[in-house]
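The structure file final34.cif is reproduced below (mmCIF, C-alpha atoms).
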```cif
data_run
loop_
_atom_site.label_atom_id
_atom_site.label_comp_id
_atom_site.auth_asym_id
_atom_site.auth_seq_id
_atom_site.Cartn_x
_atom_site.Cartn_y
_atom_site.Cartn_z
CA MET A 2 58.88 77.16 134.68
CA LEU A 3 57.85 73.60 133.97
CA SER A 4 60.34 71.58 132.00
CA SER A 5 58.81 72.14 128.58
CA THR A 6 61.00 72.64 125.55
CA ALA A 7 60.36 75.31 122.93
CA ALA A 8 59.10 72.55 120.64
CA ASP A 9 56.62 71.44 123.33
CA LEU A 10 55.32 74.99 123.60
CA ASP A 11 55.09 75.36 119.82
CA GLY A 12 53.05 72.17 119.74
CA LEU A 13 50.65 73.38 122.39
CA TYR A 14 50.35 77.07 121.51
CA GLY A 15 51.57 77.44 117.94
CA PRO A 16 54.83 78.94 116.70
CA GLY A 17 53.52 82.49 117.21
CA HIS A 18 53.10 82.05 120.98
CA GLN A 19 54.73 84.34 123.49
CA LEU A 20 55.74 83.66 127.09
CA CYS A 21 54.59 86.27 129.57
CA THR A 22 56.76 87.94 132.16
CA THR A 23 55.35 87.09 135.58
CA PRO A 24 56.42 87.97 139.09
CA ASN A 25 55.87 84.34 140.10
CA GLY A 26 58.40 82.11 138.37
CA GLN A 27 56.48 78.97 139.36
CA VAL A 28 53.73 79.66 136.85
CA SER A 29 54.20 79.99 133.10
CA LEU A 30 51.68 82.03 131.20
CA VAL A 31 51.54 81.94 127.45
CA LEU A 32 49.83 84.14 124.85
CA SER A 33 48.64 82.44 121.70
CA ARG A 34 46.51 83.29 118.71
CA GLU A 35 46.74 79.75 117.44
CA ARG A 36 45.66 77.45 120.25
CA GLU A 37 41.97 76.74 119.86
CA ILE A 38 39.66 78.13 122.53
CA ASP A 39 37.29 75.71 124.20
CA LEU A 40 33.92 77.45 124.37
CA PHE A 41 33.01 76.03 127.76
CA GLU A 42 36.30 77.22 129.20
CA LEU A 43 35.72 80.66 127.67
CA GLU A 44 32.28 80.74 129.26
CA GLN A 45 33.84 79.96 132.65
CA LEU A 46 36.29 82.82 132.19
CA CYS A 47 33.46 85.19 131.24
CA ASP A 48 31.52 84.04 134.32
CA ALA A 49 34.58 84.75 136.48
CA VAL A 50 34.84 88.34 135.20
CA GLY A 51 31.08 88.83 135.54
CA TRP A 52 29.96 88.99 131.92
CA SER A 53 26.53 87.86 130.87
CA ARG A 54 26.30 84.52 129.10
CA ARG A 55 25.61 84.11 125.40
CA PRO A 56 24.45 81.04 123.48
CA LEU A 57 27.57 79.03 122.64
CA ARG A 58 26.58 78.61 119.00
CA ARG A 59 26.59 82.40 118.62
CA VAL A 60 29.91 82.71 120.41
CA ARG A 61 31.39 80.02 118.15
CA LYS A 62 30.28 81.88 115.04
CA ALA A 63 31.52 85.21 116.40
CA LEU A 64 34.98 83.73 117.06
CA GLN A 65 35.06 82.14 113.61
CA HIS A 66 34.36 85.53 112.05
CA SER A 67 36.81 87.46 114.19
CA LEU A 68 39.96 88.91 112.71
CA LEU A 69 42.06 87.79 115.66
CA VAL A 70 41.36 85.64 118.72
CA VAL A 71 43.97 85.53 121.49
CA GLY A 72 44.07 83.28 124.53
CA LEU A 73 46.19 83.74 127.64
CA TRP A 74 47.01 80.27 128.97
CA ARG A 75 48.33 79.03 132.27
CA HIS A 76 50.80 76.55 130.95
CA ASP A 77 50.40 72.89 131.79
CA PRO A 78 51.94 70.32 129.48
CA ARG A 79 48.83 68.16 129.71
CA LEU A 80 46.02 70.67 130.05
CA PRO A 81 46.65 74.40 129.60
CA ARG A 82 44.02 76.53 131.35
CA LEU A 83 42.49 79.61 129.73
CA VAL A 84 42.97 82.56 132.08
CA GLY A 85 42.68 85.48 129.66
CA PHE A 86 41.16 86.40 126.35
CA ALA A 87 40.80 89.13 123.75
CA ARG A 88 39.50 89.28 120.22
CA CYS A 89 39.31 91.72 117.33
CA THR A 90 36.98 92.27 114.45
CA GLY A 91 37.89 94.37 111.44
CA ASP A 92 38.94 94.42 107.83
CA GLY A 93 42.56 93.64 108.71
CA VAL A 94 43.83 96.54 106.63
CA ILE A 95 42.39 99.87 107.70
CA GLU A 96 40.36 99.11 110.80
CA ALA A 97 40.45 96.65 113.67
CA THR A 98 38.35 96.82 116.82
CA VAL A 99 39.19 95.09 120.09
CA TRP A 100 36.42 93.35 122.07
CA ASP A 101 36.06 91.16 125.12
CA VAL A 102 39.38 91.75 126.87
CA ALA A 103 39.39 89.61 130.00
CA VAL A 104 41.93 88.41 132.55
CA HIS A 105 40.75 86.00 135.23
CA PRO A 106 40.52 87.80 138.60
CA LEU A 107 43.07 85.40 140.15
CA TYR A 108 45.61 86.53 137.56
CA GLN A 109 44.93 90.26 137.61
CA GLY A 110 47.39 92.83 138.97
CA ALA A 111 50.46 91.15 137.48
CA GLY A 112 50.74 93.13 134.27
CA LEU A 113 49.15 90.41 132.17
CA GLY A 114 46.44 92.64 130.67
CA LYS A 115 49.15 94.94 129.42
CA GLN A 116 51.08 92.04 127.87
CA LEU A 117 47.88 90.67 126.34
CA MET A 118 47.14 94.03 124.70
CA ALA A 119 50.73 94.40 123.51
CA TYR A 120 50.49 90.94 121.93
CA VAL A 121 47.20 91.88 120.22
CA LEU A 122 48.69 95.12 118.86
CA GLY A 123 51.79 93.27 117.70
CA ARG A 124 49.70 90.86 115.65
CA LEU A 125 47.63 93.72 114.19
CA ARG A 126 50.79 95.67 113.38
CA ALA A 127 52.11 92.62 111.54
CA MET A 128 48.93 92.71 109.42
CA GLU A 129 49.67 96.41 108.76
CA VAL A 130 46.34 97.52 110.18
CA GLU A 131 46.26 101.33 110.20
CA ARG A 132 44.12 101.97 113.21
CA VAL A 133 42.82 99.98 116.15
CA SER A 134 39.80 101.05 118.14
CA LEU A 135 37.98 99.95 121.26
CA PHE A 136 35.25 101.03 123.60
CA ALA A 137 36.66 101.50 127.09
CA ASP A 138 34.53 101.14 130.19
CA PRO A 139 35.17 103.93 132.71
CA GLY A 140 37.23 101.60 134.93
CA VAL A 141 39.80 100.81 132.23
CA VAL A 142 40.24 104.21 130.59
CA ASP A 143 43.47 104.86 132.54
CA PHE A 144 44.73 101.37 131.69
CA TYR A 145 44.46 102.09 127.97
CA SER A 146 45.66 105.68 128.02
CA ALA A 147 48.78 104.59 129.96
CA GLN A 148 49.55 102.27 127.03
CA GLY A 149 49.44 104.94 124.37
CA TRP A 150 45.80 104.73 123.32
CA GLN A 151 44.25 108.07 122.43
CA LEU A 152 40.98 108.70 124.19
CA GLU A 153 38.36 110.24 121.93
CA PRO A 154 40.69 111.74 119.35
CA GLN A 155 39.04 114.66 117.53
CA ASN A 156 36.27 114.53 120.15
CA ARG A 157 34.81 111.40 118.63
CA ARG A 158 32.09 109.82 120.72
CA CYS A 159 30.97 106.24 120.70
CA ALA A 160 27.45 105.30 119.74
CA PHE A 161 25.71 101.97 120.09
CA TRP A 162 22.56 100.60 118.56
CA TYR A 163 21.03 97.52 120.12
CA SER A 164 18.97 95.10 118.10
CA PRO A 165 15.34 95.23 119.28
CA MET B 158 11.47 108.31 87.96
CA LEU B 159 13.11 107.00 84.84
CA SER B 160 11.16 104.31 83.06
CA SER B 161 12.98 101.36 84.59
CA THR B 162 11.13 98.23 85.56
CA ALA B 163 11.68 96.39 88.82
CA ALA B 164 13.57 93.75 86.83
CA ASP B 165 15.87 96.46 85.41
CA LEU B 166 16.59 97.70 88.93
CA ASP B 167 17.20 94.17 90.20
CA GLY B 168 19.66 93.68 87.39
CA LEU B 169 21.56 96.86 88.20
CA TYR B 170 21.41 96.87 91.99
CA GLY B 171 20.56 93.33 93.06
CA PRO B 172 17.28 91.99 94.44
CA GLY B 173 18.01 93.45 97.89
CA HIS B 174 18.04 97.05 96.63
CA GLN B 175 15.81 99.76 98.05
CA LEU B 176 14.52 102.93 96.41
CA CYS B 177 14.98 106.07 98.47
CA THR B 178 12.31 108.61 99.22
CA THR B 179 13.42 111.92 97.75
CA PRO B 180 11.82 115.36 97.63
CA ASN B 181 12.74 115.59 93.95
CA GLY B 182 10.80 113.03 91.91
CA GLN B 183 13.05 113.57 88.87
CA VAL B 184 15.93 111.73 90.47
CA SER B 185 15.85 108.14 91.60
CA LEU B 186 18.26 107.12 94.33
CA VAL B 187 18.85 103.50 95.14
CA LEU B 188 20.50 101.74 98.08
CA SER B 189 22.29 98.50 97.34
CA ARG B 190 24.60 96.12 99.13
CA GLU B 191 25.04 94.08 95.99
CA ARG B 192 26.11 96.43 93.23
CA GLU B 193 29.89 96.44 93.06
CA ILE B 194 31.64 99.66 94.03
CA ASP B 195 34.14 101.08 91.57
CA LEU B 196 37.19 102.12 93.59
CA PHE B 197 37.88 105.23 91.51
CA GLU B 198 34.30 106.37 91.94
CA LEU B 199 34.55 105.75 95.68
CA GLU B 200 37.74 107.81 95.77
CA GLN B 201 35.93 110.68 94.02
CA LEU B 202 33.16 110.50 96.63
CA CYS B 203 35.71 110.53 99.46
CA ASP B 204 37.43 113.52 97.84
CA ALA B 205 34.07 115.31 97.66
CA VAL B 206 33.43 114.85 101.38
CA GLY B 207 37.01 115.84 102.22
CA TRP B 208 38.51 112.55 103.36
CA SER B 209 42.17 111.79 102.93
CA ARG B 210 43.08 109.37 100.17
CA ARG B 211 44.27 105.83 100.73
CA PRO B 212 46.07 103.46 98.37
CA LEU B 213 43.40 101.75 96.25
CA ARG B 214 44.84 98.28 96.83
CA ARG B 215 44.33 98.76 100.56
CA VAL B 216 40.81 100.07 100.06
CA ARG B 217 40.01 97.08 97.85
CA LYS B 218 41.20 94.65 100.52
CA ALA B 219 39.32 96.53 103.26
CA LEU B 220 36.07 96.31 101.27
CA GLN B 221 36.63 92.63 100.55
CA HIS B 222 37.00 91.98 104.28
CA SER B 223 34.06 94.11 105.35
CA LEU B 224 30.93 92.54 106.73
CA LEU B 225 28.68 94.84 104.70
CA VAL B 226 29.33 97.41 101.98
CA VAL B 227 26.47 99.67 100.91
CA GLY B 228 26.33 102.09 97.99
CA LEU B 229 23.83 104.87 97.44
CA TRP B 230 23.36 105.26 93.71
CA ARG B 231 21.88 107.98 91.57
CA HIS B 232 19.95 105.81 89.20
CA ASP B 233 20.78 105.84 85.53
CA PRO B 234 19.92 102.81 83.42
CA ARG B 235 23.26 103.03 81.62
CA LEU B 236 25.62 104.31 84.30
CA PRO B 237 24.50 104.62 87.93
CA ARG B 238 26.56 107.15 89.86
CA LEU B 239 27.82 106.51 93.39
CA VAL B 240 26.64 109.36 95.63
CA GLY B 241 26.78 107.73 99.04
CA PHE B 242 28.52 104.96 100.89
CA ALA B 243 28.79 103.11 104.19
CA ARG B 244 30.45 99.93 105.34
CA CYS B 245 30.61 97.71 108.41
CA THR B 246 33.16 95.41 109.89
CA GLY B 247 32.29 92.84 112.53
CA ASP B 248 31.68 89.22 113.32
CA GLY B 249 28.15 89.34 111.95
CA VAL B 250 26.71 87.80 115.10
CA ILE B 251 27.51 89.79 118.22
CA GLU B 252 29.26 92.91 116.97
CA ALA B 253 29.19 95.12 113.90
CA THR B 254 30.88 98.50 113.57
CA VAL B 255 29.94 101.14 111.02
CA TRP B 256 32.67 103.06 109.18
CA ASP B 257 32.99 105.58 106.38
CA VAL B 258 29.45 106.90 106.15
CA ALA B 259 29.38 109.45 103.33
CA VAL B 260 26.77 111.27 101.28
CA HIS B 261 27.96 113.49 98.43
CA PRO B 262 27.54 117.19 99.39
CA LEU B 263 25.20 117.76 96.42
CA TYR B 264 22.83 115.14 97.84
CA GLN B 265 22.95 116.12 101.51
CA GLY B 266 20.02 117.62 103.37
CA ALA B 267 17.41 115.38 101.76
CA GLY B 268 17.21 112.68 104.41
CA LEU B 269 19.42 110.29 102.47
CA GLY B 270 21.94 109.75 105.26
CA LYS B 271 19.09 108.65 107.48
CA GLN B 272 17.79 106.22 104.84
CA LEU B 273 21.31 104.92 104.25
CA MET B 274 21.74 104.19 107.96
CA ALA B 275 18.29 102.59 108.20
CA TYR B 276 19.23 100.34 105.27
CA VAL B 277 22.50 99.38 106.96
CA LEU B 278 20.74 98.58 110.24
CA GLY B 279 18.07 96.60 108.38
CA ARG B 280 20.71 94.38 106.80
CA LEU B 281 22.51 93.91 110.12
CA ARG B 282 19.23 93.12 111.85
CA ALA B 283 18.58 90.46 109.20
CA MET B 284 21.92 88.89 110.16
CA GLU B 285 20.72 88.99 113.79
CA VAL B 286 23.68 91.07 114.90
CA GLU B 287 23.20 91.96 118.58
CA ARG B 288 24.88 95.31 118.72
CA VAL B 289 26.10 97.90 116.26
CA SER B 290 28.68 100.50 117.16
CA LEU B 291 30.26 103.52 115.54
CA PHE B 292 32.51 106.43 116.35
CA ALA B 293 30.66 109.69 115.81
CA ASP B 294 32.46 112.91 114.96
CA PRO B 295 31.12 115.87 116.97
CA GLY B 296 29.18 117.19 113.95
CA VAL B 297 27.10 114.03 113.55
CA VAL B 298 26.35 113.13 117.16
CA ASP B 299 22.87 114.69 116.95
CA PHE B 300 22.23 112.91 113.65
CA TYR B 301 22.82 109.52 115.28
CA SER B 302 21.11 110.20 118.59
CA ALA B 303 17.99 111.36 116.70
CA GLN B 304 17.90 107.92 115.08
CA GLY B 305 17.93 105.97 118.32
CA TRP B 306 21.64 105.45 118.78
CA GLN B 307 22.79 105.55 122.39
CA LEU B 308 25.70 107.87 122.96
CA GLU B 309 28.32 106.41 125.27
CA PRO B 310 26.12 103.90 127.08
CA GLN B 311 27.51 103.05 130.52
CA ASN B 312 29.95 105.95 130.07
CA ARG B 313 32.02 103.99 127.60
CA ARG B 314 34.68 106.05 125.88
CA CYS B 315 36.29 105.41 122.57
CA ALA B 316 40.00 104.79 122.30
CA PHE B 317 42.17 104.63 119.20
CA TRP B 318 45.63 103.32 118.61
CA TYR B 319 47.39 104.36 115.44
CA SER B 320 50.01 102.18 113.83
CA PRO B 321 53.43 103.87 114.10
#
```
Final structure tokens representation of the file:
Amino acid sequence: MLSSTAADLDGLYGPGHQLCTTPNGQVSLVLSREREIDLFELEQLCDAVGWSRRPLRRVRKALQHSLLVVGLWRHDPRLPRLVGFARCTGDGVIEATVWDVAVHPLYQGAGLGKQLMAYVLGRLRAMEVERVSLFADPGVVDFYSAQGWQLEPQNRRCAFWYSP
Amino acid sequence: MLSSTAADLDGLYGPGHQLCTTPNGQVSLVLSREREIDLFELEQLCDAVGWSRRPLRRVRKALQHSLLVVGLWRHDPRLPRLVGFARCTGDGVIEATVWDVAVHPLYQGAGLGKQLMAYVLGRLRAMEVERVSLFADPGVVDFYSAQGWQLEPQNRRCAFWYSP
């Protein structure tokens, strides 16, 4: 843990930030819905997890119109680095939907994805959202079901329509 | 068709309204994203299709924070009646998600659900939304796949988390 006070962390990440539990005590990782995401840094993270690029102006607008945007930061008092991300759309009352959950490959396998999702659900619970949904790729179905998500309740199936 | 002029219809339903094609020429049905939805009338519609009730103040807030709210109206120059409904949440750029698609049982089987969905997709396409998603109950999977929706592309599965 670097010698940052709680006030330092509040200044960098906002008062709603949360320190992650990590096996490696040398690195501090912080979850924040308040620290602004740099779009170029987000693009680098998306590159690292193998997602296709999008025009930054569209990403900017999508983030602005999201219900919740969460960054996972590798703490550095001068320059925190974005190493994880998730966002939600929704009405903030009845429905919220989680998109774009990413943890940088170098930081995977340490329980950070789980902490990121718990942080997201905590913020949505504070809004009193009734129901949260997501579309799980086959490789992460077990990850979500282990955390209490119900897979296809009532045999619901997901459908997508792509703009021509 | 009642003797309403285009200006009358614009006044009631907004300039973006669309007349439905119906087998019965005596009844005019109109799609609108602009005419305000009365919450009590929406509750009656939800009752008619068998959905559980929600507190109206929460429904009001959910509609206010929706990306798109569409009513299907049985035209009457004095008092249009709400006979169908759909809404979307989303960022309006990359993602939109369709919720709460309903057509009153008395008006089902006339192709109105299909026209309602086409209207919704038309509005989302105008926003240049990349991708639209929904969670299909088993009984409506064929309805959506017949209209070009892809069921579970890339074997994605839907997951829900319900607030405790």
- Message: Based on only C-alpha atoms, which of the residues in chain B come within 9 Å of chain A? I want them as a PyMOL selection string.
- Response: chain B and resi 215-216+218-224+245-254+256+278+281-282+285-295+298+301-302+305-321
- Task: Please provide the set of residues having any atom within 10 Å of Ser33 (chain A), restricted to only C-alpha atoms, with same-chain residues fewer than 6 positions apart removed, written as a list of chain:residue names.
- Result: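 Contacts, in chain order: A:Asp11, A:Leu13, A:Tyr14, A:Gly15, A:Pro16, A:Gly17, A:His18, A:Gln19, A:Leu20, A:Val70, A:Val71, A:Gly72, A:Leu73, A:Trp74, A:Phe86, A:Leu117, A:Tyr120, A:Val121.
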- Task: Quick one: residues within 9 Å of (36.9, 87.5, 130.1) (file frame), counting all atoms listed in the file, please, as a list of chain:residue names.
- Result: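 Answer for this query, in the requested form: A:Leu43, A:Glu44, A:Gln45, A:Leu46, A:Cys47, A:Asp48, A:Ala49, A:Val50, A:Gly51, A:Trp52, A:Val84, A:Gly85, A:Phe86, A:Ala87, A:Asp101, A:Val102, A:Ala103, A:Val104, A:His105.
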Mobile chain A fitted to chain B over all in-order Cα pairs, reported as a compact mmCIF listing (two decimals) with C-alpha atoms, in the coordinates of the input:
```txt
# COMPACT_ATOMS: atom_id res chain seq x y z
CA MET A 2 11.50 108.34 87.97
CA LEU A 3 13.11 107.02 84.83
CA SER A 4 11.19 104.30 83.06
CA SER A 5 13.01 101.36 84.60
CA THR A 6 11.13 98.22 85.56
CA ALA A 7 11.67 96.39 88.83
CA ALA A 8 13.58 93.75 86.86
CA ASP A 9 15.87 96.46 85.43
CA LEU A 10 16.60 97.70 88.94
CA ASP A 11 17.21 94.17 90.23
CA GLY A 12 19.68 93.68 87.41
CA LEU A 13 21.56 96.86 88.21
CA TYR A 14 21.42 96.87 92.02
CA GLY A 15 20.58 93.34 93.09
CA PRO A 16 17.30 92.00 94.46
CA GLY A 17 18.01 93.47 97.91
CA HIS A 18 18.05 97.07 96.63
CA GLN A 19 15.83 99.76 98.05
CA LEU A 20 14.52 102.93 96.42
CA CYS A 21 14.98 106.07 98.47
CA THR A 22 12.30 108.61 99.21
CA THR A 23 13.42 111.93 97.73
CA PRO A 24 11.83 115.35 97.62
CA ASN A 25 12.78 115.60 93.94
CA GLY A 26 10.82 113.07 91.91
CA GLN A 27 13.05 113.60 88.87
CA VAL A 28 15.94 111.74 90.45
CA SER A 29 15.87 108.13 91.61
CA LEU A 30 18.27 107.12 94.33
CA VAL A 31 18.85 103.51 95.15
CA LEU A 32 20.51 101.74 98.09
CA SER A 33 22.29 98.50 97.34
CA ARG A 34 24.61 96.12 99.13
CA GLU A 35 25.05 94.08 95.99
CA ARG A 36 26.12 96.43 93.22
CA GLU A 37 29.89 96.44 93.06
CA ILE A 38 31.65 99.66 94.02
CA ASP A 39 34.14 101.08 91.56
CA LEU A 40 37.17 102.12 93.58
CA PHE A 41 37.88 105.21 91.51
CA GLU A 42 34.31 106.38 91.93
CA LEU A 43 34.56 105.75 95.68
CA GLU A 44 37.74 107.81 95.77
CA GLN A 45 35.93 110.67 94.03
CA LEU A 46 33.16 110.51 96.62
CA CYS A 47 35.70 110.53 99.45
CA ASP A 48 37.42 113.53 97.83
CA ALA A 49 34.06 115.32 97.65
CA VAL A 50 33.43 114.85 101.38
CA GLY A 51 37.01 115.83 102.21
CA TRP A 52 38.51 112.54 103.36
CA SER A 53 42.16 111.78 102.91
CA ARG A 54 43.08 109.37 100.14
CA ARG A 55 44.25 105.81 100.71
CA PRO A 56 46.06 103.45 98.35
CA LEU A 57 43.38 101.74 96.25
CA ARG A 58 44.84 98.28 96.83
CA ARG A 59 44.32 98.75 100.58
CA VAL A 60 40.81 100.06 100.06
CA ARG A 61 40.01 97.07 97.84
CA LYS A 62 41.19 94.65 100.51
CA ALA A 63 39.32 96.52 103.25
CA LEU A 64 36.06 96.32 101.27
CA GLN A 65 36.62 92.63 100.55
CA HIS A 66 36.99 91.98 104.27
CA SER A 67 34.05 94.11 105.34
CA LEU A 68 30.92 92.54 106.73
CA LEU A 69 28.68 94.83 104.70
CA VAL A 70 29.32 97.41 101.98
CA VAL A 71 26.46 99.67 100.91
CA GLY A 72 26.33 102.08 98.00
CA LEU A 73 23.82 104.87 97.46
CA TRP A 74 23.37 105.27 93.70
CA ARG A 75 21.87 107.98 91.56
CA HIS A 76 19.96 105.79 89.20
CA ASP A 77 20.79 105.85 85.52
CA PRO A 78 19.92 102.83 83.42
CA ARG A 79 23.26 103.02 81.64
CA LEU A 80 25.62 104.32 84.30
CA PRO A 81 24.51 104.62 87.93
CA ARG A 82 26.58 107.17 89.87
CA LEU A 83 27.82 106.51 93.40
CA VAL A 84 26.64 109.36 95.63
CA GLY A 85 26.78 107.72 99.05
CA PHE A 86 28.53 104.96 100.91
CA ALA A 87 28.78 103.11 104.20
CA ARG A 88 30.45 99.93 105.34
CA CYS A 89 30.61 97.72 108.41
CA THR A 90 33.16 95.40 109.90
CA GLY A 91 32.30 92.83 112.54
CA ASP A 92 31.68 89.21 113.33
CA GLY A 93 28.14 89.36 111.95
CA VAL A 94 26.71 87.81 115.10
CA ILE A 95 27.51 89.79 118.22
CA GLU A 96 29.26 92.91 116.98
CA ALA A 97 29.20 95.12 113.91
CA THR A 98 30.87 98.50 113.56
CA VAL A 99 29.92 101.14 111.01
CA TRP A 100 32.67 103.07 109.18
CA ASP A 101 32.99 105.58 106.38
CA VAL A 102 29.44 106.91 106.15
CA ALA A 103 29.38 109.45 103.33
CA VAL A 104 26.76 111.27 101.27
CA HIS A 105 27.96 113.49 98.44
CA PRO A 106 27.53 117.17 99.40
CA LEU A 107 25.20 117.76 96.42
CA TYR A 108 22.84 115.14 97.84
CA GLN A 109 22.96 116.12 101.50
CA GLY A 110 20.01 117.64 103.37
CA ALA A 111 17.41 115.38 101.75
CA GLY A 112 17.22 112.68 104.40
CA LEU A 113 19.42 110.29 102.46
CA GLY A 114 21.93 109.73 105.28
CA LYS A 115 19.08 108.64 107.49
CA GLN A 116 17.78 106.22 104.84
CA LEU A 117 21.30 104.91 104.26
CA MET A 118 21.73 104.19 107.97
CA ALA A 119 18.29 102.59 108.20
CA TYR A 120 19.21 100.34 105.27
CA VAL A 121 22.50 99.38 106.97
CA LEU A 122 20.72 98.57 110.24
CA GLY A 123 18.08 96.59 108.38
CA ARG A 124 20.72 94.38 106.79
CA LEU A 125 22.51 93.91 110.13
CA ARG A 126 19.22 93.10 111.85
CA ALA A 127 18.58 90.46 109.19
CA MET A 128 21.93 88.90 110.15
CA GLU A 129 20.74 88.98 113.79
CA VAL A 130 23.69 91.08 114.91
CA GLU A 131 23.21 91.96 118.58
CA ARG A 132 24.87 95.32 118.73
CA VAL A 133 26.10 97.90 116.25
CA SER A 134 28.68 100.50 117.15
CA LEU A 135 30.27 103.53 115.56
CA PHE A 136 32.52 106.42 116.35
CA ALA A 137 30.66 109.68 115.80
CA ASP A 138 32.45 112.90 114.96
CA PRO A 139 31.12 115.86 116.97
CA GLY A 140 29.18 117.18 113.96
CA VAL A 141 27.08 114.03 113.55
CA VAL A 142 26.34 113.13 117.17
CA ASP A 143 22.85 114.69 116.96
CA PHE A 144 22.22 112.91 113.65
CA TYR A 145 22.81 109.52 115.27
CA SER A 146 21.10 110.19 118.58
CA ALA A 147 17.97 111.36 116.71
CA GLN A 148 17.89 107.91 115.08
CA GLY A 149 17.92 105.95 118.31
CA TRP A 150 21.65 105.43 118.77
CA GLN A 151 22.79 105.54 122.38
CA LEU A 152 25.70 107.85 122.94
CA GLU A 153 28.31 106.40 125.27
CA PRO A 154 26.11 103.91 127.07
CA GLN A 155 27.51 103.04 130.51
CA ASN A 156 29.95 105.94 130.07
CA ARG A 157 32.02 104.00 127.59
CA ARG A 158 34.68 106.06 125.88
CA CYS A 159 36.30 105.41 122.56
CA ALA A 160 40.01 104.79 122.29
CA PHE A 161 42.16 104.65 119.19
CA TRP A 162 45.63 103.33 118.60
CA TYR A 163 47.41 104.37 115.43
CA SER A 164 50.02 102.19 113.82
CA PRO A 165 53.43 103.89 114.08
```
- Please indicate the distance in Å from CA of Gln27 (chain A) to CA of His76 (chain A), rounded to one decimal place.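 These atoms are spaced 10.4 Å apart.
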- Message: Could you list, as a ChimeraX atom specification, every residue matched by the PyMOL selection byres ((chain B and resi 269) around 9) in this structure?
- Response: /B:177-179,186,229,241,260,264-268,270-274
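CA of Leu83 (chain A) sits 7.9 Å away from CA of Ile38 (chain A).
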- What is the CA of Arg190 (chain B) to CA of Gly168 (chain B) distance in Å?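 Going from CA of Arg190 (chain B) over to CA of Gly168 (chain B) covers 13.0 Å.
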Draw an axis-aligned box over all listed atoms of region 121-136 of chain A, pad each side with 3 Å, and write its centre and edge lengths in Å, one decimal, as JSON.
```
{"center_x": 43.7, "center_y": 96.4, "center_z": 116.2, "size_x": 22.9, "size_y": 17.1, "size_z": 20.8}
```
- Query: Just so the selection is clear, what residues does the PyMOL selection byres ((chain A and resi 78) around 8) cover here, as a ChimeraX atom specification?
  - Reply: /A:5,9,13,76-77,79-81
